[in-house]
Amino acid sequence: MKKDIHIVKRLLTAALALSFISSAHAAPDGAALYAAKCAMCHQADGRGIPAQYPPLAGRVATIASNDQGRAYLGHVLINGMTGMLRINNATYVGYMPSFRALTDADIAAVLTHVASLGATGNKATIDADTVHAARTPPLSPTAVSTERRGLVAAGIVP
Ligand code: HEC
């Protein structure tokens, strides 16, 4: 009997150790981050609210298929953005908050999730190194909007 209890204790300790290891190494869940931090504005399906919160579904998939586009997405998440956007005949004059407090891996995961919304064909991914590089130099939210205008002119941001 005493021996049984000993075995049970050892099994429990092993199970606990395993669950700790797997949670410590779990990859960030982009869909869960999106639901918790972005969906209140951009909506669960990423379609946004016309003239209030821009649609991301389908559009970020396109932006993320280009190197400069991926850098821009990193800049938006890290610095936030404010300025005027025009998308599908709607005007957005809003403020996108900065998410610089999230880790590189979290930002990469949430952006990769957004790039999958409404994506047709191959899905683009954004990696943590790209996000890390986008942290320097720090940009003002207005400077990010200026960067965006250049990318619209170049056909990278739809
Ligand atoms: C408080 C509302 C709000 C939250 C929360 C928010 N956003 Fe935004 N987002 C905006 C607004 C408003 C804009 C447009 C800003 C402007 O007018 O310059 C924007 C712009 C963007 C853009 C640029 C789109 C384009 O067409 O260039 C991306 C990408 C984006 N948000 C992703 C996210 C992600 C990912 C999250 C969650 C981590 C998030 N946003 C959370 C309000 C929000």
# chains A, B, ... in the order shown; residues from 1 in each chain; ligands from 1
>>> residues_near_ligand(ligand="ligand 1", cutoff="9 Å", atoms="only C-alpha atoms and all ligand atoms", output="PyMOL selection string")
chain A and resi 33-42+48+52-56+59-60+63+72-74+76-77+80-87+91-99+102+106-107+110-115+141-142+144-145+148+152+157-158
>>> select_by_dssp(residues="chain A", states="alpha helix (DSSP H)", output="PyMOL selection string")
chain A and resi 2-24+30-37+39-42+59-63+67-79+104-116+128-134+141-153
>>> select_by_dssp(residues="stretch 51-133 of chain A", states="strand (DSSP E)", output="list in words")
Met81, Thr82, Gly83, Met84, Leu85, Arg86, Ile87, Ala90, Thr91, Tyr92, Val93, Gly94, Tyr95 and Met96 of chain A
>>> write_last_selection(atoms="all heavy atoms", output="JSON list (two decimals), in the first residue's frame")
[["chain", "number", "residue", "atom", "x", "y", "z"],
["A", 81, "MET", "N", -0.76, 53.58, -35.43],
["A", 81, "MET", "CA", -0.85, 54.39, -36.65],
["A", 81, "MET", "C", -2.01, 55.35, -36.53],
["A", 81, "MET", "O", -3.06, 55.02, -35.98],
["A", 81, "MET", "CB", -1.07, 53.49, -37.88],
["A", 81, "MET", "CG", -1.19, 54.28, -39.18],
["A", 81, "MET", "SD", -1.03, 53.25, -40.65],
["A", 81, "MET", "CE", -2.55, 52.33, -40.59],
["A", 82, "THR", "N", -1.81, 56.57, -37.03],
["A", 82, "THR", "CA", -2.94, 57.49, -37.15],
["A", 82, "THR", "C", -2.76, 58.31, -38.41],
["A", 82, "THR", "O", -1.65, 58.67, -38.79],
["A", 82, "THR", "CB", -3.11, 58.37, -35.89],
["A", 82, "THR", "OG1", -4.33, 59.10, -36.03],
["A", 82, "THR", "CG2", -1.97, 59.35, -35.69],
["A", 83, "GLY", "N", -3.87, 58.58, -39.07],
["A", 83, "GLY", "CA", -3.85, 59.30, -40.35],
["A", 83, "GLY", "C", -5.14, 58.97, -41.06],
["A", 83, "GLY", "O", -6.05, 58.41, -40.46],
["A", 84, "MET", "N", -5.21, 59.32, -42.32],
["A", 84, "MET", "CA", -6.44, 59.05, -43.04],
["A", 84, "MET", "C", -6.25, 57.88, -44.00],
["A", 84, "MET", "O", -5.30, 57.88, -44.77],
["A", 84, "MET", "CB", -6.88, 60.29, -43.80],
["A", 84, "MET", "CG", -8.36, 60.29, -44.08],
["A", 84, "MET", "SD", -8.81, 61.54, -45.30],
["A", 84, "MET", "CE", -8.21, 60.78, -46.78],
["A", 85, "LEU", "N", -7.13, 56.91, -43.93],
["A", 85, "LEU", "CA", -7.08, 55.78, -44.87],
["A", 85, "LEU", "C", -8.33, 55.81, -45.73],
["A", 85, "LEU", "O", -9.40, 56.20, -45.26],
["A", 85, "LEU", "CB", -7.07, 54.42, -44.15],
["A", 85, "LEU", "CG", -6.30, 54.18, -42.86],
["A", 85, "LEU", "CD1", -6.37, 52.70, -42.52],
["A", 85, "LEU", "CD2", -4.88, 54.62, -42.98],
["A", 86, "ARG", "N", -8.17, 55.37, -46.99],
["A", 86, "ARG", "CA", -9.35, 55.19, -47.84],
["A", 86, "ARG", "C", -9.35, 53.78, -48.36],
["A", 86, "ARG", "O", -8.41, 53.34, -49.01],
["A", 86, "ARG", "CB", -9.30, 56.19, -49.00],
["A", 86, "ARG", "CG", -10.49, 57.10, -48.90],
["A", 86, "ARG", "CD", -10.75, 58.06, -49.98],
["A", 86, "ARG", "NE", -11.98, 57.71, -50.73],
["A", 86, "ARG", "CZ", -13.20, 57.77, -50.21],
["A", 86, "ARG", "NH1", -13.40, 58.14, -48.97],
["A", 86, "ARG", "NH2", -14.25, 57.46, -50.96],
["A", 87, "ILE", "N", -10.38, 53.02, -47.97],
["A", 87, "ILE", "CA", -10.46, 51.61, -48.39],
["A", 87, "ILE", "C", -11.88, 51.35, -48.88],
["A", 87, "ILE", "O", -12.84, 51.64, -48.17],
["A", 87, "ILE", "CB", -10.15, 50.67, -47.20],
["A", 87, "ILE", "CG1", -8.74, 50.96, -46.64],
["A", 87, "ILE", "CG2", -10.25, 49.21, -47.63],
["A", 87, "ILE", "CD1", -8.52, 50.40, -45.25],
["A", 90, "ALA", "N", -14.55, 53.95, -48.40],
["A", 90, "ALA", "CA", -14.85, 54.43, -47.04],
["A", 90, "ALA", "C", -13.59, 55.12, -46.52],
["A", 90, "ALA", "O", -12.47, 54.74, -46.84],
["A", 90, "ALA", "CB", -15.24, 53.27, -46.13],
["A", 91, "THR", "N", -13.79, 56.18, -45.72],
["A", 91, "THR", "CA", -12.67, 56.92, -45.13],
["A", 91, "THR", "C", -12.54, 56.57, -43.66],
["A", 91, "THR", "O", -13.54, 56.49, -42.95],
["A", 91, "THR", "CB", -12.91, 58.44, -45.29],
["A", 91, "THR", "OG1", -13.05, 58.72, -46.69],
["A", 91, "THR", "CG2", -11.75, 59.25, -44.74],
["A", 92, "TYR", "N", -11.32, 56.33, -43.23],
["A", 92, "TYR", "CA", -11.04, 56.00, -41.82],
["A", 92, "TYR", "C", -10.10, 57.05, -41.27],
["A", 92, "TYR", "O", -9.02, 57.28, -41.83],
["A", 92, "TYR", "CB", -10.39, 54.61, -41.72],
["A", 92, "TYR", "CG", -11.27, 53.52, -42.27],
["A", 92, "TYR", "CD1", -11.32, 53.25, -43.63],
["A", 92, "TYR", "CD2", -12.10, 52.77, -41.43],
["A", 92, "TYR", "CE1", -12.14, 52.27, -44.15],
["A", 92, "TYR", "CE2", -12.93, 51.78, -41.94],
["A", 92, "TYR", "CZ", -12.94, 51.54, -43.30],
["A", 92, "TYR", "OH", -13.77, 50.56, -43.81],
["A", 93, "VAL", "N", -10.53, 57.75, -40.24],
["A", 93, "VAL", "CA", -9.65, 58.68, -39.55],
["A", 93, "VAL", "C", -9.64, 58.21, -38.10],
["A", 93, "VAL", "O", -10.44, 58.65, -37.28],
["A", 93, "VAL", "CB", -10.17, 60.14, -39.64],
["A", 93, "VAL", "CG1", -9.11, 61.10, -39.12],
["A", 93, "VAL", "CG2", -10.53, 60.49, -41.07],
["A", 94, "GLY", "N", -8.80, 57.27, -37.82],
["A", 94, "GLY", "CA", -8.84, 56.66, -36.50],
["A", 94, "GLY", "C", -7.46, 56.53, -35.90],
["A", 94, "GLY", "O", -6.48, 57.10, -36.40],
["A", 95, "TYR", "N", -7.39, 55.78, -34.85],
["A", 95, "TYR", "CA", -6.15, 55.58, -34.14],
["A", 95, "TYR", "C", -5.97, 54.10, -33.85],
["A", 95, "TYR", "O", -6.80, 53.49, -33.19],
["A", 95, "TYR", "CB", -6.17, 56.38, -32.83],
["A", 95, "TYR", "CG", -4.82, 56.44, -32.18],
["A", 95, "TYR", "CD1", -3.90, 57.43, -32.54],
["A", 95, "TYR", "CD2", -4.45, 55.50, -31.22],
["A", 95, "TYR", "CE1", -2.65, 57.47, -31.96],
["A", 95, "TYR", "CE2", -3.20, 55.54, -30.64],
["A", 95, "TYR", "CZ", -2.30, 56.53, -31.02],
["A", 95, "TYR", "OH", -1.07, 56.56, -30.45],
["A", 96, "MET", "N", -4.93, 53.54, -34.41],
["A", 96, "MET", "CA", -4.61, 52.14, -34.14],
["A", 96, "MET", "C", -3.60, 52.13, -32.99],
["A", 96, "MET", "O", -2.54, 52.74, -33.07],
["A", 96, "MET", "CB", -4.01, 51.55, -35.43],
["A", 96, "MET", "CG", -3.21, 50.28, -35.25],
["A", 96, "MET", "SD", -4.21, 48.82, -34.98],
["A", 96, "MET", "CE", -2.90, 47.67, -34.55]]
>>> closest_residue(among="A:Asn79, A:Asn88, A:Gln68, A:Thr120", to="A:Pro50", atoms="only C-alpha atoms")
A:Asn88
>>> residues_around(residues="A:Ala119", least_positions_apart="2", cutoff="10 Å", atoms="only C-alpha atoms", output="short mmCIF file (atom, residue, chain, number, x, y, z; two decimals) with all heavy atoms, in the first residue's frame")
data_model
loop_
_atom_site.label_atom_id
_atom_site.label_comp_id
_atom_site.auth_asym_id
_atom_site.auth_seq_id
_atom_site.Cartn_x
_atom_site.Cartn_y
_atom_site.Cartn_z
N ALA A 57 -9.41 41.36 -43.32
CA ALA A 57 -9.58 40.08 -44.03
C ALA A 57 -9.35 40.27 -45.53
O ALA A 57 -9.90 41.19 -46.14
CB ALA A 57 -10.98 39.52 -43.78
N GLY A 58 -8.53 39.41 -46.12
CA GLY A 58 -8.23 39.48 -47.54
C GLY A 58 -7.17 40.53 -47.85
O GLY A 58 -6.27 40.29 -48.63
N ARG A 59 -7.21 41.68 -47.20
CA ARG A 59 -6.26 42.76 -47.48
C ARG A 59 -4.89 42.49 -46.87
O ARG A 59 -3.85 42.66 -47.51
CB ARG A 59 -6.82 44.09 -46.99
CG ARG A 59 -8.18 44.43 -47.63
CD ARG A 59 -8.68 45.81 -47.25
NE ARG A 59 -7.61 46.78 -47.43
CZ ARG A 59 -6.90 47.28 -46.43
NH1 ARG A 59 -7.19 46.97 -45.18
NH2 ARG A 59 -5.93 48.11 -46.68
N VAL A 60 -4.86 42.06 -45.60
CA VAL A 60 -3.56 41.80 -44.96
C VAL A 60 -2.88 40.60 -45.63
O VAL A 60 -1.65 40.54 -45.73
CB VAL A 60 -3.71 41.63 -43.43
CG1 VAL A 60 -2.41 41.14 -42.80
CG2 VAL A 60 -4.14 42.96 -42.80
N ALA A 61 -3.69 39.67 -46.14
CA ALA A 61 -3.14 38.54 -46.89
C ALA A 61 -2.30 39.05 -48.06
O ALA A 61 -1.21 38.53 -48.34
CB ALA A 61 -4.28 37.64 -47.39
N THR A 62 -2.80 40.09 -48.74
CA THR A 62 -2.08 40.67 -49.87
C THR A 62 -0.83 41.43 -49.40
O THR A 62 0.26 41.26 -49.94
CB THR A 62 -3.01 41.65 -50.64
OG1 THR A 62 -4.19 40.93 -51.00
CG2 THR A 62 -2.34 42.22 -51.87
N VAL A 114 -3.98 37.04 -38.93
CA VAL A 114 -4.73 38.03 -39.71
C VAL A 114 -4.48 37.81 -41.21
O VAL A 114 -5.40 37.95 -42.02
CB VAL A 114 -4.33 39.47 -39.28
CG1 VAL A 114 -5.00 40.50 -40.18
CG2 VAL A 114 -4.73 39.73 -37.84
N ALA A 115 -3.24 37.43 -41.56
CA ALA A 115 -2.92 37.19 -42.98
C ALA A 115 -3.68 35.98 -43.52
O ALA A 115 -3.83 35.82 -44.72
CB ALA A 115 -1.42 37.01 -43.17
N SER A 116 -4.16 35.11 -42.62
CA SER A 116 -4.90 33.93 -43.08
C SER A 116 -6.38 34.22 -43.28
O SER A 116 -7.09 33.46 -43.94
CB SER A 116 -4.74 32.79 -42.06
OG SER A 116 -5.59 33.01 -40.93
N LEU A 117 -6.87 35.34 -42.72
CA LEU A 117 -8.30 35.67 -42.83
C LEU A 117 -8.62 36.07 -44.26
O LEU A 117 -8.04 37.03 -44.79
CB LEU A 117 -8.67 36.82 -41.88
CG LEU A 117 -8.50 36.57 -40.37
CD1 LEU A 117 -8.75 37.85 -39.58
CD2 LEU A 117 -9.44 35.46 -39.90
N GLY A 121 -5.46 30.85 -51.83
CA GLY A 121 -4.17 30.30 -52.25
C GLY A 121 -3.20 30.22 -51.09
O GLY A 121 -3.61 30.02 -49.95
N ASN A 122 -1.91 30.41 -51.39
CA ASN A 122 -0.88 30.27 -50.36
C ASN A 122 -1.06 31.32 -49.26
O ASN A 122 -1.32 32.47 -49.55
CB ASN A 122 0.51 30.45 -50.97
CG ASN A 122 0.90 29.22 -51.77
OD1 ASN A 122 0.29 28.16 -51.60
ND2 ASN A 122 1.89 29.37 -52.64
N LYS A 123 -0.87 30.88 -48.02
CA LYS A 123 -0.99 31.81 -46.92
C LYS A 123 0.38 32.35 -46.54
O LYS A 123 1.32 31.58 -46.38
CB LYS A 123 -1.64 31.12 -45.72
CG LYS A 123 -3.12 30.88 -45.98
CD LYS A 123 -3.79 30.17 -44.84
CE LYS A 123 -5.24 29.87 -45.21
NZ LYS A 123 -5.83 28.86 -44.35
N ALA A 124 0.48 33.67 -46.42
CA ALA A 124 1.74 34.30 -46.03
C ALA A 124 1.94 34.15 -44.52
O ALA A 124 0.98 34.10 -43.77
CB ALA A 124 1.71 35.77 -46.41
#
>>> atom_distance(atom1="atom CA of A:Pro28", atom2="atom CA of A:Ile49")
26.9 Å
>>> residues_around(residues="A:Pro137", least_positions_apart="2", cutoff="12 Å", atoms="only C-alpha atoms", output="list in words")
Gly74, His75, Ile78, Asn79, His132, Ala133, Ala134, Arg135, Leu139, Ser140, Ala143 and Val144 of chain A
>>> closest_residue(among="A:Ala44, A:Ala31, A:Ala26, A:Ala108", to="A:Ala71", atoms="only C-alpha atoms")
A:Ala108
